Amino acid sequence: MGERVGIEVSIAAAEAVKMANTDVIAAYPITPQTHIVEHLSELVADGELDAEFIPVESEHSAMSVCCGSSAVGARTFTCTSSQGLALMNEIVFIAPSLRLPIVMILANRSMSGPLSIWNDHTDVMSIRDCGWIQIFTENGQEVFDHVMFAFRVAENSSVSLPVIVNLDGFVLTHVIEPIEFWDKETVKQYLPDFKPVNQLHPDNPVTMGAFGLPSIFTEAKKAQDEALINSKSEILKAWKEMGDLVGRYYKPVETYQLDGSETVFLTIGSFGETVSVAVDELRAQGKSVGQVKLRLWRPFPFDEFREAVRGVKRIIVIDRAISYGGPGGPVASEIRSVLYQEENMPVITNFLCGFAGRDVTSDDYISMYEKTEQMAKGKVTQEDYIIYGVRE
Amino acid sequence: MEQFNVYASRLITKKEHFTPGHRACQGCAEALAVRMVAKALGKNVIVASATGCMEIISSPLPFTNWKVPWIHVAFENAAAVASGAEAGTKALIRKGKLVDKGTVFLGMGGDGATSDIGLQALSGAFERGHNFLYVCYDNEAYMNTGIQRSSATPFGAATTTSPAGKQIPGQVTWKKNMPEIAVAHNIPYVATACSSYPFDLIQKVKKAASIKGPAYVHILSICPTGWRIPADKAIWIGRRAVETGVFPLYEVENGKYRITVDVPELRPVEDYLKPQGRFRHLTPELIEKIQTRVTKEYNNLKTKTKLET
């Protein structure tokens with residue numbers, strides 16, 4: 001097993017990209033993703049990573065370069081945040097339709113305006129339906145592990161889809177954590193060489209990105225949907241084998257103190273750890289509270305999620321993005337939809353909080369729990385969503 | 001063959017890499033230019049195409065007219081995609097995962113994809129110095145969406161978004177000089193070409209592909225549909241564009257200008273404008289204005305050919 005070191009999460013992420021022997025990195029600087037690409041360019045400049053570092057003139061070109069390089073069979077990485085993701089949006093949707101296994105780290109940051117460099121999930125939620133495999137991480141170790149995971153799943157010949165690894169900007173990217181590195185042998189065992197299903201090469205010409213008339217477009221989309229759904233078996237396999245190699249077994253839906261809980265918090269990303277603290281405090285008070293965390297966002301783990309919340313009476317969904325004039329938070333609206341036809345469907349309470357880096361403490365989660373209890377008892381009106389902590 | 005600048009089809013290779021059966025309009029000189037570029041580059045090429053006429057007419061899923069590896073991602077990013085393919089191949093060769101076959105990387109797009117929406121991506125790829133060739137097929141408007149004006153539409157031309165109205169006589173801006181913008185990037189090779197001069201075109205494309213570093217070839221691609229001319233007049237009107245000095249054929253190799261098809265005495269621009277429906281509304285005053293501009297620019301170009309580099 002590898003060494004356990006205290007290291008900034010961004011630097012560890014870049015080291016993981018190096019250990020994966022990436023061939024091409026195309027990126028444009030944007031806060032809070034910068035430390036990752038800075039360190040990668042250092043690794044290339046020092047000859048520690050034999051890769052082409054393409055300092056593109058925009059994120060749109062970053063993703064376009066990634067498409068070109070992945071299409072010729074090169075292991076390809078990029079990394080962005082917020083406005084950068086918005087600028088590359090067009091190509092983000094095209095990459096999975098071309099079945100190009102690109103790996104992207106998304107250092108989650110709020111979308112302008114007002115302009116803010118701080119962390120929430122308004123960027124990633126804007127591309128919910130882009131067709132990428134999407135994973136959320138909660139700490140630095142998970143980020144490191146999931147770089148390896150992302151390349152392995154993306155490049156698997158039965159998957160051949162791009163993968164996004166989400167990590168919270170600043171809250172994760174800029175903190176120093178103890179992270180256990182993998183040794184070279186483990187990486188080699190876990191991550192085989194990239195052997196593309198289709199490849200642009202003069203010896204075997206293929207046409208990629210043909211246009212679809214109405215007579216064939218629906219079939220192409222159906223095939224793409226099935227490809228994403230079917231990727232789940234490889235995802236589960238990749239997590240299982242990672243567990244066998246490094247001892248950390250990840251699951252699409254993680255749970256904490258769930259047994260017999262009447263009320264559960266649902267979180268994605270780094271806020272999960274703070275919620276766990278709140279769960280401990282509430283349990284100490286004798287409350288029946290637990291926690292569910294979504295690690296796999298796409299393909300959505302329907303079975304695992306329904307199983308995890310079976311018998312639960314109330315779910316407090318913590319959202320870090322907003323659907324203006326819509327059903328509140330994007331996670332909550334998905335959860336309502338996932339559970340809609342279930343027997344004894346739990347009541348969903350939705351708190352929107354932590355926008356643009358606004359701190360949310362365990363006390364805040366406890367007060368969200370208390371508000372939920374009041375709503376359950378009919379003392380206050382049950383609301384579809386509450387934007388938590390608005391100063392008045 | 002280098003000395004010919006006349007049309008002699010039997011002297012060109014019969015091998016087709018951009019095949020017949022595509023869906024271009026009758027008389028499309030852009031498809032002809034693509035075919036010539038494909039002939040010039042042969043099999044050892046990877047093509048990244050922008051969205052546009054040439055993409056649409058050649059790749060209706062599940063068919064293709066491309067016998068060489070070809071990728072289309074979006075409208076404004078052909079240069080970026082080509083640069084990614086080049087970079088990926090370079091890395092794989094260096095790491096011993098691919099054999100170096102000297103493959104040419106071609107980015108291609110229309111005038112809108114090149115001089116408007118894709119200018120930034122192209123500029124970025126030039127500046128980064130990728131070893132690739134970019135070909136702009138300039139038919140002087142957004143023909144694929146129905147003849148809307150672009151920055152490459154010439155002064156006076158009527159399009160569906162620069163119509164010849166009672167107050168405004170069509171396009172009121174001068175054509176953006178894309179080849180000069182390419183030259184300003186200090187790339188090793190820039191050239192203009194036209195499918196009415198096939199040998200000149202093929203020779204330039206071959207040269208551009210053989211030069212290490214970024215190269216740019218700007219091809220005037222006559223569009224009978226958009227220019228409002230009979231389908232059988234495309235080649236003829238292309239020659240008029242050159243003979244009047246409206247579209248001079250030249251190359252800039254490491255900063256050195258050379259006119260490749262010399263026109264000792266320019267025809268009046270009227271000979272080029274009159275046969276085209278898109279210029280039908282032009283008054284003698286406007287034609288004179290165009291004449292003045294064309295003469296001035298042609299003389300400027302001639303001056304540049306005399307510059308020491």
# chains A, B, ... in the order shown; residues from 1 in each chain; ligands from 1

$ residues_around --residues "A:Gln224" --least-positions-apart "3" --cutoff "10 Å" --atoms "only C-alpha atoms" --output "PyMOL selection string"
chain A and resi 96-99+131+161+218-221+227-230

$ residues_around --residues "A:Lys293" --least-positions-apart "4" --cutoff "8 Å" --atoms "only C-alpha atoms" --output "list in words"
Val253, Glu254, Thr255, Leu266, Thr267, Ile268 and Gly272 of chain A

$ residues_around --residues "A:Arg152" --least-positions-apart "3" --cutoff "6 Å" --atoms "only C-alpha atoms" --output "MDAnalysis selection string"
chainID A and resid 149 155 191

$ write_last_selection --atoms "C-alpha atoms" --output "CSV table (one decimal), in the first residue's frame"
chain,number,residue,atom,x,y,z
A,149,PHE,CA,-11.8,5.1,-10.7
A,155,GLU,CA,-12.1,3.8,-20.7
A,191,LEU,CA,-6.0,0.8,-14.3

$ select_by_dssp --residues "stretch 177-361 of chain A" --states "strand (DSSP E)" --output "ChimeraX atom specification"
/A:177-180,207-208,253-256,263-267,289-294,296-298,314-319,347-352

$ residues_around --residues "stretch 17-26 of chain B" --least-positions-apart "3" --cutoff "12 Å" --atoms "only C-alpha atoms" --output "PyMOL selection string"
(chain A and resi 202+205+207) or (chain B and resi 13-14+29-47+52-60+63-70+143-144+222-226+229-234)

$ write_last_selection --atoms "N, CA and C atoms" --output "compact mmCIF listing (two decimals), in the first residue's frame"
# COMPACT_ATOMS: atom_id res chain seq x y z
N PRO A 202 -5.35 6.69 -39.48
CA PRO A 202 -5.42 6.50 -40.94
C PRO A 202 -5.52 5.03 -41.37
N PRO A 205 -10.00 4.04 -41.09
CA PRO A 205 -10.77 5.29 -41.03
C PRO A 205 -12.18 5.09 -40.47
N THR A 207 -15.75 7.55 -39.23
CA THR A 207 -16.39 8.86 -39.18
C THR A 207 -17.02 9.03 -37.81
N THR B 13 -4.57 13.15 -59.51
CA THR B 13 -4.80 11.76 -59.10
C THR B 13 -6.28 11.38 -59.18
N LYS B 14 -6.53 10.14 -59.57
CA LYS B 14 -7.92 9.69 -59.68
C LYS B 14 -8.45 9.17 -58.34
N ALA B 29 -18.83 24.62 -55.72
CA ALA B 29 -17.37 24.64 -55.86
C ALA B 29 -16.68 24.46 -54.52
N GLU B 30 -17.44 24.49 -53.44
CA GLU B 30 -16.85 24.21 -52.12
C GLU B 30 -16.60 22.70 -52.00
N ALA B 31 -17.61 21.91 -52.39
CA ALA B 31 -17.42 20.45 -52.37
C ALA B 31 -16.26 20.07 -53.28
N LEU B 32 -16.13 20.79 -54.39
CA LEU B 32 -15.02 20.54 -55.32
C LEU B 32 -13.69 20.84 -54.63
N ALA B 33 -13.67 21.95 -53.88
CA ALA B 33 -12.44 22.32 -53.18
C ALA B 33 -12.09 21.27 -52.12
N VAL B 34 -13.10 20.80 -51.40
CA VAL B 34 -12.87 19.76 -50.38
C VAL B 34 -12.28 18.51 -51.06
N ARG B 35 -12.86 18.18 -52.20
CA ARG B 35 -12.38 17.00 -52.93
C ARG B 35 -10.92 17.16 -53.34
N MET B 36 -10.58 18.36 -53.78
CA MET B 36 -9.18 18.61 -54.19
C MET B 36 -8.23 18.57 -52.99
N VAL B 37 -8.67 19.13 -51.90
CA VAL B 37 -7.84 19.09 -50.68
C VAL B 37 -7.63 17.64 -50.26
N ALA B 38 -8.71 16.85 -50.32
CA ALA B 38 -8.61 15.44 -49.95
C ALA B 38 -7.64 14.70 -50.88
N LYS B 39 -7.71 15.03 -52.15
CA LYS B 39 -6.76 14.43 -53.10
C LYS B 39 -5.33 14.84 -52.77
N ALA B 40 -5.17 16.10 -52.44
CA ALA B 40 -3.81 16.60 -52.15
C ALA B 40 -3.22 15.93 -50.92
N LEU B 41 -4.06 15.64 -49.93
CA LEU B 41 -3.54 15.12 -48.65
C LEU B 41 -3.44 13.60 -48.63
N GLY B 42 -4.21 12.92 -49.47
CA GLY B 42 -4.13 11.46 -49.53
C GLY B 42 -4.74 10.80 -48.31
N LYS B 43 -4.29 9.57 -48.03
CA LYS B 43 -4.92 8.76 -46.98
C LYS B 43 -4.43 9.05 -45.58
N ASN B 44 -3.20 9.58 -45.49
CA ASN B 44 -2.57 9.69 -44.18
C ASN B 44 -2.93 11.02 -43.51
N VAL B 45 -4.20 11.14 -43.17
CA VAL B 45 -4.69 12.41 -42.63
C VAL B 45 -5.78 12.12 -41.61
N ILE B 46 -5.93 13.00 -40.63
CA ILE B 46 -7.08 12.97 -39.72
C ILE B 46 -7.77 14.33 -39.85
N VAL B 47 -9.06 14.29 -40.17
CA VAL B 47 -9.79 15.53 -40.45
C VAL B 47 -10.73 15.89 -39.30
N GLY B 52 -21.37 22.78 -40.69
CA GLY B 52 -21.55 23.63 -41.86
C GLY B 52 -21.96 22.79 -43.05
N CYS B 53 -22.04 23.45 -44.22
CA CYS B 53 -22.45 22.74 -45.44
C CYS B 53 -21.68 21.44 -45.63
N MET B 54 -20.35 21.52 -45.55
CA MET B 54 -19.53 20.37 -45.92
C MET B 54 -19.71 19.21 -44.94
N GLU B 55 -20.02 19.54 -43.69
CA GLU B 55 -20.27 18.50 -42.70
C GLU B 55 -21.62 17.85 -42.96
N ILE B 56 -22.61 18.70 -43.21
CA ILE B 56 -23.97 18.20 -43.40
C ILE B 56 -24.10 17.36 -44.68
N ILE B 57 -23.45 17.81 -45.74
CA ILE B 57 -23.63 17.08 -47.01
C ILE B 57 -22.85 15.76 -47.03
N SER B 58 -21.91 15.60 -46.12
CA SER B 58 -21.03 14.42 -46.22
C SER B 58 -21.20 13.40 -45.10
N SER B 59 -22.06 13.69 -44.08
CA SER B 59 -22.10 12.74 -42.96
C SER B 59 -23.50 12.47 -42.41
N PRO B 60 -24.46 12.17 -43.28
CA PRO B 60 -25.77 11.83 -42.71
C PRO B 60 -25.74 10.42 -42.13
N PHE B 63 -24.38 7.18 -43.03
CA PHE B 63 -23.52 7.23 -44.22
C PHE B 63 -22.37 8.20 -44.01
N THR B 64 -21.35 8.04 -44.85
CA THR B 64 -20.25 9.01 -44.82
C THR B 64 -19.61 9.08 -46.19
N ASN B 65 -19.09 10.24 -46.54
CA ASN B 65 -18.34 10.39 -47.78
C ASN B 65 -16.84 10.40 -47.53
N TRP B 66 -16.47 10.12 -46.27
CA TRP B 66 -15.06 10.24 -45.91
C TRP B 66 -14.38 8.88 -45.85
N LYS B 67 -13.37 8.72 -46.69
CA LYS B 67 -12.59 7.48 -46.65
C LYS B 67 -11.34 7.65 -45.80
N VAL B 68 -11.26 8.80 -45.16
CA VAL B 68 -10.17 9.04 -44.21
C VAL B 68 -10.81 9.30 -42.84
N PRO B 69 -10.02 9.11 -41.73
CA PRO B 69 -10.61 9.38 -40.40
C PRO B 69 -11.09 10.82 -40.29
N TRP B 70 -12.31 10.97 -39.79
CA TRP B 70 -12.97 12.28 -39.81
C TRP B 70 -13.79 12.44 -38.55
N MET B 143 -24.08 29.79 -45.68
CA MET B 143 -24.91 29.17 -46.71
C MET B 143 -25.75 28.02 -46.14
N ASN B 144 -25.19 27.32 -45.15
CA ASN B 144 -25.88 26.14 -44.61
C ASN B 144 -27.20 26.51 -43.95
N ILE B 222 -16.82 28.98 -54.46
CA ILE B 222 -17.99 29.60 -55.10
C ILE B 222 -19.25 28.79 -54.82
N CYS B 223 -20.29 29.53 -54.41
CA CYS B 223 -21.56 28.92 -54.05
C CYS B 223 -22.64 29.43 -54.99
N PRO B 224 -22.94 28.68 -56.05
CA PRO B 224 -23.94 29.16 -57.02
C PRO B 224 -25.28 29.49 -56.36
N THR B 225 -25.67 28.69 -55.37
CA THR B 225 -26.96 28.93 -54.71
C THR B 225 -26.98 30.28 -54.01
N GLY B 226 -25.93 30.57 -53.27
CA GLY B 226 -25.91 31.79 -52.47
C GLY B 226 -25.49 33.01 -53.25
N ILE B 229 -25.90 32.53 -59.11
CA ILE B 229 -25.35 32.34 -60.45
C ILE B 229 -25.77 30.94 -60.92
N PRO B 230 -25.76 30.71 -62.23
CA PRO B 230 -26.09 29.37 -62.72
C PRO B 230 -25.07 28.35 -62.21
N ALA B 231 -25.55 27.13 -62.00
CA ALA B 231 -24.69 26.09 -61.42
C ALA B 231 -23.46 25.81 -62.27
N ASP B 232 -23.55 26.05 -63.57
CA ASP B 232 -22.40 25.74 -64.43
C ASP B 232 -21.42 26.91 -64.54
N LYS B 233 -21.63 27.94 -63.76
CA LYS B 233 -20.75 29.12 -63.86
C LYS B 233 -19.76 29.24 -62.69
N ALA B 234 -19.74 28.25 -61.79
CA ALA B 234 -18.92 28.39 -60.58
C ALA B 234 -17.43 28.54 -60.90

$ residues_around --residues "B:Ser210" --least-positions-apart "6" --cutoff "10 Å" --atoms "only C-alpha atoms" --output "PyMOL selection string"
chain B and resi 41+102+104+131-133+204

$ write_last_selection --atoms "N, CA and C atoms" --output "CSV table (one decimal), in the first residue's frame"
chain,number,residue,atom,x,y,z
B,41,LEU,N,-4.1,15.6,-49.9
B,41,LEU,CA,-3.5,15.1,-48.7
B,41,LEU,C,-3.4,13.6,-48.6
B,102,GLY,N,3.7,10.1,-39.7
B,102,GLY,CA,3.7,11.4,-40.3
B,102,GLY,C,2.3,11.9,-40.7
B,104,VAL,N,-1.0,13.8,-41.3
B,104,VAL,CA,-1.4,15.3,-41.3
B,104,VAL,C,-2.7,15.5,-40.6
B,131,ASN,N,1.3,21.3,-35.0
B,131,ASN,CA,1.7,20.9,-36.3
B,131,ASN,C,0.4,20.5,-37.1
B,132,PHE,N,-0.3,21.5,-37.6
B,132,PHE,CA,-1.6,21.1,-38.3
B,132,PHE,C,-1.9,22.1,-39.4
B,133,LEU,N,-2.8,21.7,-40.2
B,133,LEU,CA,-3.2,22.6,-41.3
B,133,LEU,C,-4.7,22.9,-41.1
B,204,LYS,N,-0.5,24.2,-53.1
B,204,LYS,CA,-0.4,24.9,-51.8
B,204,LYS,C,-0.8,24.0,-50.6

$ interface_residues --of "chain A" --to "chain B" --cutoff "9 Å" --atoms "only C-alpha atoms" --output "ChimeraX atom specification"
/A:23-24,26,50-58,60-76,90-91,94-95,98,199-213,216-217

$ write_last_selection --atoms "C-alpha atoms" --output "compact mmCIF listing (two decimals), in the first residue's frame"
# COMPACT_ATOMS: atom_id res chain seq x y z
CA ASP A 23 -1.34 11.52 -22.09
CA VAL A 24 -3.06 14.86 -22.65
CA ALA A 26 -6.07 20.55 -21.75
CA ASP A 50 5.14 12.49 -19.93
CA ALA A 51 2.07 14.27 -21.29
CA GLU A 52 1.05 17.09 -23.59
CA PHE A 53 -0.12 20.00 -21.46
CA ILE A 54 -2.28 22.16 -23.73
CA PRO A 55 -2.81 25.63 -22.25
CA VAL A 56 -5.89 26.44 -24.27
CA GLU A 57 -7.38 29.90 -24.82
CA SER A 58 -10.80 28.99 -23.32
CA HIS A 60 -14.64 25.70 -24.84
CA SER A 61 -11.39 24.80 -26.52
CA ALA A 62 -10.30 22.77 -23.46
CA MET A 63 -13.18 20.36 -23.96
CA SER A 64 -12.75 20.48 -27.75
CA VAL A 65 -9.06 19.58 -27.47
CA CYS A 66 -10.09 16.76 -25.10
CA CYS A 67 -12.49 15.44 -27.73
CA GLY A 68 -9.75 15.43 -30.37
CA SER A 69 -7.18 13.82 -28.14
CA SER A 70 -9.51 11.19 -26.70
CA ALA A 71 -10.66 10.36 -30.24
CA VAL A 72 -7.11 9.43 -31.27
CA GLY A 73 -6.83 7.16 -28.24
CA ALA A 74 -4.95 9.33 -25.75
CA ARG A 75 -5.78 9.23 -22.03
CA THR A 76 -7.27 12.69 -21.55
CA GLU A 90 -21.88 22.90 -25.65
CA ILE A 91 -19.03 20.42 -25.93
CA ILE A 94 -21.33 16.36 -27.28
CA ALA A 95 -18.48 14.34 -25.68
CA LEU A 98 -19.31 10.68 -29.28
CA GLN A 199 -10.07 5.56 -32.79
CA LEU A 200 -9.18 8.16 -35.38
CA HIS A 201 -6.28 6.55 -37.23
CA PRO A 202 -5.42 6.50 -40.94
CA ASP A 203 -5.09 2.69 -40.95
CA ASN A 204 -8.73 2.21 -40.07
CA PRO A 205 -10.77 5.29 -41.03
CA VAL A 206 -13.93 5.98 -39.06
CA THR A 207 -16.39 8.86 -39.18
CA MET A 208 -17.21 10.36 -35.78
CA GLY A 209 -19.88 12.93 -35.14
CA ALA A 210 -22.08 12.34 -38.16
CA PHE A 211 -25.33 14.28 -38.10
CA GLY A 212 -28.62 12.57 -37.32
CA LEU A 213 -31.79 13.02 -39.31
CA ILE A 216 -32.28 8.05 -36.66
CA PHE A 217 -31.85 10.66 -33.92

$ atom_distance --atom1 "atom CA of B:Lys274" --atom2 "atom CA of B:Gln291"
12.8 Å

$ select_by_dssp --residues "stretch 24-172 of chain B" --states "alpha helix (DSSP H)" --output "NGL selection string"
:B and (29-41 or 53-58 or 78-94 or 111 or 119-128)

$ write_last_selection --atoms "C-alpha atoms" --output "mmCIF file, in the first residue's frame"
data_model
loop_
_atom_site.group_PDB
_atom_site.id
_atom_site.type_symbol
_atom_site.label_atom_id
_atom_site.label_comp_id
_atom_site.auth_asym_id
_atom_site.auth_seq_id
_atom_site.Cartn_x
_atom_site.Cartn_y
_atom_site.Cartn_z
ATOM 1 C CA ALA B 29 -17.374 24.638 -55.861
ATOM 2 C CA GLU B 30 -16.851 24.211 -52.124
ATOM 3 C CA ALA B 31 -17.417 20.452 -52.367
ATOM 4 C CA LEU B 32 -15.020 20.543 -55.315
ATOM 5 C CA ALA B 33 -12.437 22.316 -53.177
ATOM 6 C CA VAL B 34 -12.869 19.756 -50.383
ATOM 7 C CA ARG B 35 -12.384 16.996 -52.934
ATOM 8 C CA MET B 36 -9.182 18.609 -54.191
ATOM 9 C CA VAL B 37 -7.837 19.095 -50.679
ATOM 10 C CA ALA B 38 -8.610 15.440 -49.948
ATOM 11 C CA LYS B 39 -6.764 14.430 -53.105
ATOM 12 C CA ALA B 40 -3.815 16.600 -52.148
ATOM 13 C CA LEU B 41 -3.542 15.122 -48.653
ATOM 14 C CA CYS B 53 -22.447 22.740 -45.436
ATOM 15 C CA MET B 54 -19.529 20.367 -45.917
ATOM 16 C CA GLU B 55 -20.271 18.505 -42.699
ATOM 17 C CA ILE B 56 -23.971 18.196 -43.405
ATOM 18 C CA ILE B 57 -23.627 17.077 -47.007
ATOM 19 C CA SER B 58 -21.029 14.424 -46.219
ATOM 20 C CA ALA B 78 -12.544 22.512 -35.555
ATOM 21 C CA ALA B 79 -9.108 24.027 -34.927
ATOM 22 C CA ALA B 80 -9.225 23.020 -31.248
ATOM 23 C CA VAL B 81 -10.337 19.476 -32.071
ATOM 24 C CA ALA B 82 -7.603 19.163 -34.710
ATOM 25 C CA SER B 83 -5.044 20.455 -32.211
ATOM 26 C CA GLY B 84 -6.251 17.881 -29.666
ATOM 27 C CA ALA B 85 -5.919 15.066 -32.197
ATOM 28 C CA GLU B 86 -2.424 16.302 -33.031
ATOM 29 C CA ALA B 87 -1.403 16.588 -29.375
ATOM 30 C CA GLY B 88 -2.850 13.187 -28.465
ATOM 31 C CA THR B 89 -1.087 11.497 -31.363
ATOM 32 C CA LYS B 90 2.169 13.268 -30.484
ATOM 33 C CA ALA B 91 1.993 12.051 -26.880
ATOM 34 C CA LEU B 92 1.171 8.483 -27.912
ATOM 35 C CA ILE B 93 4.045 8.393 -30.411
ATOM 36 C CA ARG B 94 6.477 9.742 -27.807
ATOM 37 C CA ASP B 111 -15.984 31.325 -43.475
ATOM 38 C CA LEU B 119 -11.711 32.718 -34.802
ATOM 39 C CA GLN B 120 -10.689 32.408 -31.158
ATOM 40 C CA ALA B 121 -10.174 28.645 -31.270
ATOM 41 C CA LEU B 122 -8.180 29.017 -34.501
ATOM 42 C CA SER B 123 -6.057 31.819 -33.067
ATOM 43 C CA GLY B 124 -5.359 29.709 -29.974
ATOM 44 C CA ALA B 125 -4.286 26.711 -32.038
ATOM 45 C CA PHE B 126 -2.005 28.894 -34.225
ATOM 46 C CA GLU B 127 -0.440 30.521 -31.186
ATOM 47 C CA ARG B 128 0.210 27.178 -29.477
#

$ residues_around --residues "A:Phe136" --least-positions-apart "5" --cutoff "12 Å" --atoms "only C-alpha atoms" --output "mmCIF file with C-alpha atoms, in the first residue's frame"
data_model
loop_
_atom_site.group_PDB
_atom_site.id
_atom_site.type_symbol
_atom_site.label_atom_id
_atom_site.label_comp_id
_atom_site.auth_asym_id
_atom_site.auth_seq_id
_atom_site.Cartn_x
_atom_site.Cartn_y
_atom_site.Cartn_z
ATOM 1 C CA ILE A 105 -12.547 17.172 -12.266
ATOM 2 C CA LEU A 106 -15.130 19.795 -11.481
ATOM 3 C CA ALA A 107 -14.113 22.022 -8.568
ATOM 4 C CA ASN A 108 -17.645 23.071 -7.745
ATOM 5 C CA HIS A 121 -23.375 23.188 -6.720
ATOM 6 C CA VAL A 124 -22.744 21.002 -11.808
ATOM 7 C CA MET A 125 -26.523 21.054 -11.534
ATOM 8 C CA GLU A 142 -12.148 10.121 -2.103
ATOM 9 C CA VAL A 143 -10.895 12.589 -4.714
ATOM 10 C CA ASP A 145 -9.251 7.354 -5.314
ATOM 11 C CA HIS A 146 -11.841 8.572 -7.779
ATOM 12 C CA VAL A 147 -9.336 9.922 -10.272
ATOM 13 C CA ALA A 150 -12.844 7.696 -13.286
ATOM 14 C CA VAL A 163 -16.695 10.890 -16.202
ATOM 15 C CA ILE A 164 -16.977 13.947 -13.954
ATOM 16 C CA VAL A 165 -15.519 13.854 -10.453
ATOM 17 C CA ASN A 166 -17.071 16.627 -8.373
ATOM 18 C CA LEU A 167 -15.234 18.110 -5.455
ATOM 19 C CA ASP A 168 -16.226 21.205 -3.551
ATOM 20 C CA LEU A 172 -11.869 20.532 -0.557
ATOM 21 C CA TYR A 250 -17.280 2.821 -2.001
ATOM 22 C CA LYS A 251 -20.966 2.536 -2.759
ATOM 23 C CA PRO A 252 -23.373 4.510 -4.978
ATOM 24 C CA VAL A 253 -25.383 5.434 -1.888
ATOM 25 C CA GLU A 254 -23.552 5.724 1.412
ATOM 26 C CA THR A 267 -26.380 15.167 1.242
ATOM 27 C CA ILE A 268 -24.005 15.231 -1.689
ATOM 28 C CA GLY A 269 -20.385 16.369 -1.529
ATOM 29 C CA SER A 270 -18.328 17.671 1.369
ATOM 30 C CA PHE A 271 -21.259 18.969 3.436
ATOM 31 C CA GLY A 272 -21.930 15.355 4.288
ATOM 32 C CA LYS A 293 -25.227 10.404 0.941
ATOM 33 C CA LEU A 294 -25.413 10.208 -2.808
ATOM 34 C CA ARG A 295 -22.035 9.397 -4.295
ATOM 35 C CA LEU A 296 -23.252 8.361 -7.732
ATOM 36 C CA TRP A 297 -25.374 11.075 -9.304
ATOM 37 C CA ARG A 298 -25.484 9.717 -12.869
#
